[in-house]
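Source file upload.csv; content: CSV, C-alpha atoms.
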chain,number,residue,atom,x,y,z
A,1,MET,CA,83.1,-8.6,-35.8
A,2,ILE,CA,84.6,-5.1,-35.7
A,3,ASN,CA,87.1,-6.0,-38.4
A,4,TRP,CA,84.2,-7.3,-40.5
A,5,PHE,CA,82.4,-4.1,-40.2
A,6,LYS,CA,85.5,-2.0,-40.9
A,7,ASN,CA,86.1,-4.0,-44.1
A,8,LEU,CA,82.7,-3.1,-45.4
A,9,LYS,CA,82.4,-0.6,-48.1
A,10,VAL,CA,80.9,2.8,-47.1
A,11,LYS,CA,77.9,2.1,-49.2
A,12,ASN,CA,77.2,-1.2,-47.4
A,13,LYS,CA,77.8,0.5,-44.0
A,14,ILE,CA,75.2,3.1,-44.8
A,15,PHE,CA,72.8,0.5,-46.0
A,16,LEU,CA,73.3,-1.6,-42.9
A,17,GLY,CA,73.0,1.4,-40.6
A,18,ASN,CA,69.7,2.3,-42.3
A,19,ALA,CA,68.5,-1.3,-42.0
A,20,VAL,CA,69.2,-1.3,-38.3
A,21,VAL,CA,67.4,2.0,-37.8
A,22,VAL,CA,64.4,0.8,-39.8
A,23,SER,CA,64.3,-2.5,-37.9
A,24,LEU,CA,64.3,-0.6,-34.6
A,25,LEU,CA,61.6,1.7,-35.9
A,26,VAL,CA,59.5,-1.3,-37.0
A,27,PHE,CA,60.1,-3.0,-33.6
A,28,PHE,CA,59.0,0.1,-31.7
A,29,ALA,CA,56.1,0.7,-33.9
A,30,VAL,CA,54.8,-2.9,-33.4
A,31,THR,CA,55.4,-2.7,-29.7
A,32,ILE,CA,53.6,0.6,-29.4
A,33,TYR,CA,50.7,-0.7,-31.6
A,34,TYR,CA,50.2,-3.7,-29.4
A,35,SER,CA,50.6,-1.6,-26.2
A,36,ILE,CA,48.0,0.8,-27.4
A,37,ASN,CA,45.6,-2.0,-28.4
A,38,HIS,CA,46.1,-3.5,-24.9
A,39,LEU,CA,45.5,-0.1,-23.3
A,40,LEU,CA,42.4,0.3,-25.4
A,41,GLU,CA,41.1,-3.1,-24.5
A,42,THR,CA,41.9,-2.5,-20.8
A,43,SER,CA,40.2,0.9,-20.9
A,44,GLU,CA,37.1,-0.6,-22.5
A,45,TRP,CA,37.0,-3.3,-19.9
A,46,VAL,CA,37.4,-0.7,-17.1
A,47,THR,CA,34.5,1.3,-18.7
A,48,HIS,CA,32.5,-1.9,-18.9
A,49,THR,CA,33.2,-2.8,-15.3
A,50,GLU,CA,32.2,0.7,-14.2
A,51,GLU,CA,29.0,0.4,-16.1
A,52,VAL,CA,28.2,-2.9,-14.4
A,53,ILE,CA,28.9,-1.3,-11.0
A,54,SER,CA,26.7,1.6,-11.9
A,55,ARG,CA,23.9,-0.9,-12.9
A,56,GLY,CA,24.3,-2.7,-9.6
A,57,ASN,CA,23.9,0.5,-7.7
A,58,GLU,CA,20.8,1.4,-9.7
A,59,LEU,CA,19.3,-2.0,-8.7
A,60,MET,CA,20.0,-1.1,-5.1
A,61,VAL,CA,18.3,2.3,-5.5
A,62,GLU,CA,15.2,0.7,-7.0
A,63,LEU,CA,15.0,-1.7,-4.1
A,64,LEU,CA,15.3,1.2,-1.7
A,65,ASN,CA,12.5,3.0,-3.6
A,66,MET,CA,10.3,0.0,-3.3
A,67,GLU,CA,11.0,-0.3,0.4
A,68,THR,CA,10.5,3.4,1.1
A,69,GLY,CA,7.2,3.6,-0.8
A,70,LYS,CA,5.9,0.6,1.0
A,71,ARG,CA,6.8,1.9,4.4
A,72,GLY,CA,5.3,5.3,3.6
A,73,PHE,CA,2.0,3.7,2.8
A,74,LEU,CA,2.1,1.4,5.8
A,75,ILE,CA,2.5,4.5,8.1
A,76,THR,CA,0.0,6.8,6.4
A,77,GLY,CA,-2.4,4.5,4.6
A,78,LYS,CA,-2.4,7.0,1.7
A,79,GLN,CA,-2.1,5.7,-1.8
A,80,ASN,CA,0.2,8.5,-3.1
A,81,PHE,CA,2.9,7.2,-0.8
A,82,LEU,CA,3.0,4.0,-2.9
A,83,GLU,CA,4.2,5.8,-6.0
A,84,PRO,CA,7.9,5.1,-5.5
A,85,TYR,CA,7.1,1.5,-4.8
A,86,GLU,CA,5.0,1.1,-7.9
A,87,LYS,CA,7.5,2.9,-10.2
A,88,ALA,CA,10.4,0.9,-8.9
A,89,ARG,CA,8.5,-2.3,-9.4
A,90,ASN,CA,7.9,-1.5,-13.0
A,91,THR,CA,11.5,-0.4,-13.8
A,92,PHE,CA,13.5,-3.0,-11.7
A,93,LYS,CA,13.0,-5.8,-14.2
A,94,SER,CA,14.2,-3.9,-17.2
A,95,LYS,CA,17.3,-2.7,-15.4
A,96,LEU,CA,18.0,-6.2,-14.2
A,97,ASP,CA,17.8,-7.5,-17.8
A,98,LYS,CA,20.2,-4.8,-19.0
A,99,THR,CA,22.6,-5.7,-16.3
A,100,LEU,CA,22.3,-9.4,-17.2
A,101,ASP,CA,23.3,-8.5,-20.8
A,102,LEU,CA,26.4,-6.7,-19.5
A,103,VAL,CA,27.7,-9.7,-17.5
A,104,SER,CA,26.4,-12.5,-19.8
A,105,ASP,CA,30.0,-13.7,-20.2
A,106,ASN,CA,30.5,-14.0,-16.5
A,107,PRO,CA,28.5,-17.1,-15.1
A,108,THR,CA,29.2,-16.1,-11.5
A,109,GLN,CA,27.7,-12.7,-11.9
A,110,VAL,CA,24.8,-14.1,-13.9
A,111,GLN,CA,24.0,-16.4,-11.0
A,112,ASN,CA,24.2,-13.5,-8.6
A,113,LEU,CA,21.7,-11.5,-10.6
A,114,LYS,CA,19.3,-14.4,-10.8
A,115,LYS,CA,19.5,-14.9,-7.1
A,116,ILE,CA,18.8,-11.2,-6.6
A,117,GLU,CA,15.7,-11.5,-8.8
A,118,ILE,CA,14.5,-14.5,-6.9
A,119,LEU,CA,14.9,-12.7,-3.6
A,120,LYS,CA,13.2,-9.5,-4.9
A,121,ASN,CA,10.2,-11.6,-6.0
A,122,ARG,CA,10.2,-13.3,-2.6
A,123,TRP,CA,10.2,-9.9,-0.9
A,124,LEU,CA,7.3,-8.7,-3.0
A,125,ASN,CA,5.2,-11.9,-2.5
A,126,GLU,CA,6.0,-12.8,1.0
A,127,ALA,CA,6.2,-9.4,2.6
A,128,ALA,CA,5.4,-6.2,0.6
A,129,LYS,CA,2.2,-7.3,-1.1
A,130,LYS,CA,0.8,-8.9,2.1
A,131,GLU,CA,1.6,-5.9,4.2
A,132,ILE,CA,0.1,-3.5,1.7
A,133,ALA,CA,-3.0,-5.5,1.3
A,134,LEU,CA,-3.4,-5.7,5.1
A,135,ARG,CA,-2.9,-2.0,5.4
A,136,GLU,CA,-5.5,-1.3,2.7
A,137,GLN,CA,-8.1,-3.4,4.6
A,138,ALA,CA,-7.2,-1.6,7.8
A,139,THR,CA,-7.6,1.7,6.0
A,140,GLU,CA,-10.9,0.7,4.6
A,141,GLY,CA,-12.1,-0.4,8.1
A,142,SER,CA,-11.0,2.9,9.6
A,143,ALA,CA,-12.8,4.8,6.8
A,144,TYR,CA,-16.0,2.9,7.6
A,145,PHE,CA,-15.7,3.8,11.2
A,146,GLU,CA,-15.0,7.5,10.5
A,147,ASP,CA,-18.0,7.5,8.1
A,148,LEU,CA,-20.2,6.1,10.9
A,149,GLN,CA,-19.0,8.8,13.3
A,150,ASP,CA,-19.8,11.4,10.7
A,151,ILE,CA,-23.3,10.1,10.2
A,152,LEU,CA,-23.9,10.0,14.0
A,153,GLU,CA,-22.5,13.5,14.4
A,154,LEU,CA,-25.0,14.8,11.8
A,155,GLY,CA,-27.7,13.9,14.4
A,156,GLU,CA,-30.4,13.1,11.8
A,157,GLY,CA,-31.6,10.1,13.8
A,158,LYS,CA,-31.7,12.0,17.0
A,159,GLY,CA,-33.6,14.8,15.3
A,160,ILE,CA,-36.3,12.4,14.1
A,161,LEU,CA,-36.5,10.7,17.5
A,162,ASP,CA,-37.0,14.0,19.2
A,163,ARG,CA,-39.9,14.8,16.8
A,164,ILE,CA,-41.4,11.3,17.6
A,165,ARG,CA,-41.3,12.1,21.3
A,166,VAL,CA,-43.1,15.4,20.6
A,167,LYS,CA,-45.9,13.6,18.7
A,168,LEU,CA,-46.2,11.0,21.5
A,169,ASP,CA,-46.5,13.8,24.1
A,170,LYS,CA,-49.3,15.3,22.0
A,171,LEU,CA,-51.1,12.0,21.7
A,172,ARG,CA,-50.8,11.4,25.5
A,173,LEU,CA,-52.2,14.9,26.1
A,174,ILE,CA,-55.2,14.2,23.8
A,175,PHE,CA,-55.9,10.9,25.5
A,176,ALA,CA,-55.5,12.4,29.0
A,177,ASN,CA,-58.0,15.2,28.1
A,178,VAL,CA,-60.7,12.6,27.2
A,179,ASP,CA,-59.6,10.3,30.0
A,180,ASN,CA,-58.9,7.4,27.7
A,181,GLN,CA,-56.7,5.1,29.7
A,182,GLN,CA,-56.2,2.6,26.9
A,183,GLY,CA,-54.9,5.3,24.6
A,184,LEU,CA,-52.5,6.5,27.4
A,185,LEU,CA,-51.2,3.0,27.9
A,186,LEU,CA,-50.7,2.5,24.2
A,187,THR,CA,-48.8,5.7,23.8
A,188,MET,CA,-46.6,4.8,26.7
A,189,SER,CA,-46.0,1.3,25.2
A,190,ILE,CA,-45.1,2.9,21.9
A,191,ALA,CA,-42.7,5.3,23.7
A,192,LYS,CA,-41.1,2.2,25.3
A,193,ASP,CA,-40.8,0.5,21.9
A,194,ILE,CA,-39.0,3.5,20.5
A,195,VAL,CA,-36.6,3.5,23.4
A,196,ASP,CA,-36.0,-0.2,23.1
A,197,GLN,CA,-35.2,0.2,19.4
A,198,GLU,CA,-32.9,3.1,20.1
A,199,THR,CA,-31.1,1.3,23.0
A,200,GLY,CA,-30.6,-1.9,20.9
A,201,GLN,CA,-29.4,0.0,17.9
A,202,ARG,CA,-26.9,2.1,20.0
A,203,GLY,CA,-25.6,-1.0,21.7
A,204,PHE,CA,-24.9,-2.7,18.4
A,205,LEU,CA,-23.2,0.4,17.0
A,206,ILE,CA,-20.9,0.5,20.0
A,207,THR,CA,-20.1,-3.2,20.2
A,208,GLY,CA,-20.8,-4.6,16.8
A,209,LYS,CA,-22.4,-7.7,18.5
A,210,ASP,CA,-25.7,-9.0,17.2
A,211,GLU,CA,-27.1,-9.9,20.6
A,212,PHE,CA,-27.3,-6.1,21.4
A,213,LEU,CA,-29.8,-5.8,18.6
A,214,GLU,CA,-32.3,-8.0,20.5
A,215,PRO,CA,-34.1,-5.0,22.1
A,216,TYR,CA,-34.1,-3.3,18.7
A,217,ASN,CA,-35.7,-6.2,16.9
A,218,ASN,CA,-38.2,-6.9,19.7
A,219,GLY,CA,-39.1,-3.2,19.9
A,220,ALA,CA,-39.7,-3.0,16.2
A,221,GLU,CA,-42.2,-6.0,16.4
A,222,SER,CA,-43.9,-4.5,19.4
A,223,LEU,CA,-44.1,-1.1,17.8
A,224,LYS,CA,-45.8,-2.6,14.8
A,225,GLU,CA,-48.4,-4.3,16.9
A,226,ASN,CA,-49.0,-1.3,19.2
A,227,LEU,CA,-49.4,1.1,16.3
A,228,LYS,CA,-52.0,-1.2,14.8
A,229,ARG,CA,-53.9,-1.3,18.1
A,230,LEU,CA,-53.7,2.5,18.4
A,231,ARG,CA,-55.0,2.9,14.8
A,232,GLU,CA,-58.1,0.8,15.8
A,233,LEU,CA,-58.6,2.8,19.0
A,234,ILE,CA,-58.9,6.2,17.3
A,235,ASN,CA,-61.5,5.0,14.8
A,236,PRO,CA,-64.6,5.4,17.0
A,237,GLU,CA,-66.7,8.5,16.6
A,238,SER,CA,-66.4,9.3,20.3
A,239,ILE,CA,-62.8,10.5,20.0
A,240,ASP,CA,-61.7,13.7,18.2
A,241,ASN,CA,-60.6,11.9,15.0
A,242,ASN,CA,-59.1,14.9,13.2
A,243,SER,CA,-56.5,15.7,15.7
A,244,LEU,CA,-55.8,12.1,16.6
A,245,ASN,CA,-55.6,10.9,13.0
A,246,ASN,CA,-53.2,13.7,12.1
A,247,SER,CA,-51.0,13.0,15.1
A,248,PHE,CA,-51.1,9.3,14.5
A,249,ASP,CA,-50.3,9.6,10.8
A,250,GLU,CA,-47.4,11.9,11.6
A,251,LEU,CA,-46.2,9.4,14.3
A,252,VAL,CA,-46.2,6.5,11.9
A,253,SER,CA,-44.4,8.6,9.2
A,254,LEU,CA,-41.7,9.6,11.7
A,255,THR,CA,-41.1,6.0,12.9
A,256,ARG,CA,-40.7,4.9,9.3
A,257,GLU,CA,-38.4,7.8,8.6
A,258,TRP,CA,-36.2,7.0,11.5
A,259,GLN,CA,-36.1,3.4,10.4
A,260,ILE,CA,-35.1,4.2,6.8
A,261,LYS,CA,-32.9,7.2,7.3
A,262,ALA,CA,-31.1,6.4,10.6
A,263,ALA,CA,-31.5,3.0,12.2
A,264,GLU,CA,-31.1,0.7,9.2
A,265,PRO,CA,-28.3,2.6,7.4
A,266,GLU,CA,-26.3,3.0,10.7
A,267,ILE,CA,-26.7,-0.7,11.4
A,268,ALA,CA,-25.7,-1.6,7.9
A,269,HIS,CA,-22.6,0.6,8.2
A,270,ARG,CA,-21.6,-1.1,11.5
A,271,ARG,CA,-21.9,-4.5,9.8
A,272,LYS,CA,-19.4,-3.3,7.2
A,273,ILE,CA,-17.0,-2.4,10.0
A,274,ASN,CA,-17.6,-5.9,11.5
A,275,LYS,CA,-16.6,-7.6,8.2
A,276,ASN,CA,-13.3,-5.8,8.3
A,277,LYS,CA,-11.8,-6.3,11.8
A,278,LEU,CA,-8.3,-5.6,10.7
A,279,THR,CA,-6.5,-2.6,12.4
A,280,ILE,CA,-3.1,-1.0,12.1
A,281,LYS,CA,-2.1,-3.3,15.0
A,282,ASN,CA,-2.5,-6.3,12.7
A,283,VAL,CA,-0.3,-4.6,10.2
A,284,ASN,CA,2.4,-4.0,12.8
A,285,GLU,CA,2.2,-7.6,13.9
A,286,LEU,CA,2.9,-8.7,10.4
A,287,ILE,CA,5.8,-6.3,10.0
A,288,GLU,CA,7.3,-7.4,13.4
A,289,LYS,CA,7.7,-10.9,12.0
A,290,GLU,CA,10.5,-9.2,10.0
A,291,THR,CA,10.0,-11.4,6.9
A,292,GLY,CA,10.4,-8.5,4.6
A,293,LYS,CA,13.4,-7.1,6.6
A,294,ASN,CA,15.2,-10.4,6.5
A,295,ILE,CA,14.7,-10.8,2.7
A,296,MET,CA,15.7,-7.2,2.1
A,297,ASP,CA,18.9,-7.6,4.2
A,298,GLU,CA,19.8,-10.7,2.1
A,299,LEU,CA,19.1,-8.8,-1.0
A,300,ARG,CA,21.5,-6.0,0.0
A,301,VAL,CA,24.2,-8.6,0.7
A,302,HIS,CA,23.9,-10.1,-2.8
A,303,ILE,CA,23.9,-6.7,-4.5
A,304,ASN,CA,26.9,-5.6,-2.5
A,305,ASN,CA,28.7,-8.9,-3.4
A,306,PHE,CA,27.8,-8.4,-7.1
A,307,ILE,CA,29.3,-4.8,-7.0
A,308,ALA,CA,32.3,-6.0,-5.0
A,309,ILE,CA,33.2,-8.6,-7.6
A,310,GLU,CA,33.2,-5.9,-10.3
A,311,GLU,CA,35.2,-3.5,-8.0
A,312,GLU,CA,37.8,-6.2,-7.5
A,313,ALA,CA,38.1,-6.9,-11.2
A,314,ARG,CA,38.5,-3.2,-11.9
A,315,GLN,CA,41.4,-2.4,-9.6
A,316,PRO,CA,44.3,-4.3,-11.4
A,317,LEU,CA,43.0,-3.0,-14.7
A,318,GLN,CA,43.1,0.6,-13.5
A,319,ARG,CA,46.7,0.1,-12.5
A,320,GLU,CA,47.6,-0.9,-16.1
A,321,ILE,CA,46.3,2.4,-17.5
A,322,PRO,CA,48.5,5.5,-17.1
A,323,PHE,CA,46.9,8.4,-15.3
A,324,PHE,CA,47.1,10.6,-18.3
A,325,TRP,CA,45.1,7.9,-20.3
A,326,LEU,CA,42.3,7.8,-17.7
A,327,SER,CA,42.1,11.5,-17.6

Would you mind giving the structure from this file in structure tokens?
Amino acid sequence: MINWFKNLKVKNKIFLGNAVVVSLLVFFAVTIYYSINHLLETSEWVTHTEEVISRGNELMVELLNMETGKRGFLITGKQNFLEPYEKARNTFKSKLDKTLDLVSDNPTQVQNLKKIEILKNRWLNEAAKKEIALREQATEGSAYFEDLQDILELGEGKGILDRIRVKLDKLRLIFANVDNQQGLLLTMSIAKDIVDQETGQRGFLITGKDEFLEPYNNGAESLKENLKRLRELINPESIDNNSLNNSFDELVSLTREWQIKAAEPEIAHRRKINKNKLTIKNVNELIEKETGKNIMDELRVHINNFIAIEEEARQPLQREIPFFWLS
């Protein structure tokens, strides 16, 4: 072989040497080309994997926002605490769809994402929405009760009753001055009717039980009858009609005012409270069943698995890329 090369003419030796150099250059060029392409493909895949991992983390953040917003509302009952929940609900689906597009060529990851969506919907329907609805009802019931307390604290009903008692005392004094025993008995009966109504109404406001309204209803019927009898009594000319008529008219007006402005509105308000018997205790009992917690725990496991698969796929690819390339 060496002799063969020695026997070649100088011209041929130069040509052959150049051919070898060119061949080596071509070989190295092709090798470098394919290596760079491989590095580019690997780099693109690493970038893709990192984007998928980022999307998975975003899904976890949205779930945490939903959970945080829901819990804030359950604690406070204030609607503004639901803002993170509502916002995350609206954005979760679009982020999930984008993540599905990224892993559309990976059936395992597609199934993981579909399972995540199913669990998220289960969490919303079986836990979050029910707990929020229950808390809203409890909040509404508390608001009615606070409103009733505010109404009672205004003391309008008590003020009217005090004026009624003043008018009854005035009527009793007039009847006593003319020694009219029937008039005295009627004013005492009317006073008792007023007390019965007040007692029954207060009993119902405290307990919410209709049987406590019995004195109120009986007192109202008796008052109507006794006022009618008193009206007939003060008609005769033998009694000072002007003073009696004025006092009687004012008494009737005040009894109606108490009925319209205090008794009936307060009773109606208590009935609203009765319709909504839910309290924060009922909300806590639902939460303690841990339906939402169990589903959310399962959701976290699936999202972590989804991210772990991408992390596992990324590691060997990163080892293929030189440090200077990644930087």

Item to check | Atomic distance CA of Asn242 (chain A) - CA of Arg163 (chain A), expressed in Å with one decimal | outcome: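 A separation of 19.5 Å between them.
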
Item to check | Residue nearest Arg229 (chain A) - candidates A:Val301, A:Val103, A:Leu186, A:Leu113, atoms counted: only C-alpha atoms | outcome: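 Nearest to Arg229 (chain A): A:Leu186.
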
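Among the candidates A:Ile234, A:Lys120, A:Asn125, A:Asp169, the residue lying nearest to Met60 (chain A) is A:Lys120 (atoms considered: all atoms listed in the file).
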
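The space separating CA of Pro84 (chain A) from CA of Ala128 (chain A) comes to 13.1 Å.
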
Checklist outcome for this item: Between CA of Asn180 (chain A) and CA of Glu221 (chain A) lies a distance of 24.2 Å

Checklist entry - Mind listing as a ChimeraX atom specification all residues within 10 Å of (29.4, -10.3, -5.7), counting all atoms listed in the file? => result /A:56,108-109,111-113,301-312

Checklist entry - Do you know which residues are at most 9 Å from Asn226 (chain A) counting all atoms listed in the file, after dropping those on the same chain fewer than 2 positions away, and could you put them as number ranges by chain? => result A: 186-187, 189-190, 193, 221-224, 228-231

Next on the checklist: Using all atoms listed in the file for the distances, tell me which of A:Glu131, A:Glu156, A:Glu83, A:Asp196 is nearest to Glu285 (chain A).
Outcome noted: A:Glu131

Next on the checklist: Using all atoms listed in the file, can you tell me which of A:Leu205, A:Asn246, A:Pro215, A:Val195 comes closest to Arg270 (chain A)?
Outcome noted: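 When distances to Arg270 (chain A) are compared using all atoms listed in the file, the smallest one comes from A:Leu205.
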
Checklist outcome for this item: From the list A:Ile75, A:Met296, A:Leu59, A:Ala263, the nearest residue to Arg135 (chain A) using all atoms listed in the file is A:Ile75

Checklist entry - Looking at A:Leu299, A:Lys275, A:Glu117, A:Met188, which one is nearest to Lys170 (chain A), with distances taken over only C-alpha atoms? => result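 Residue with the minimum atom-to-atom distance to Lys170 (chain A): A:Met188.
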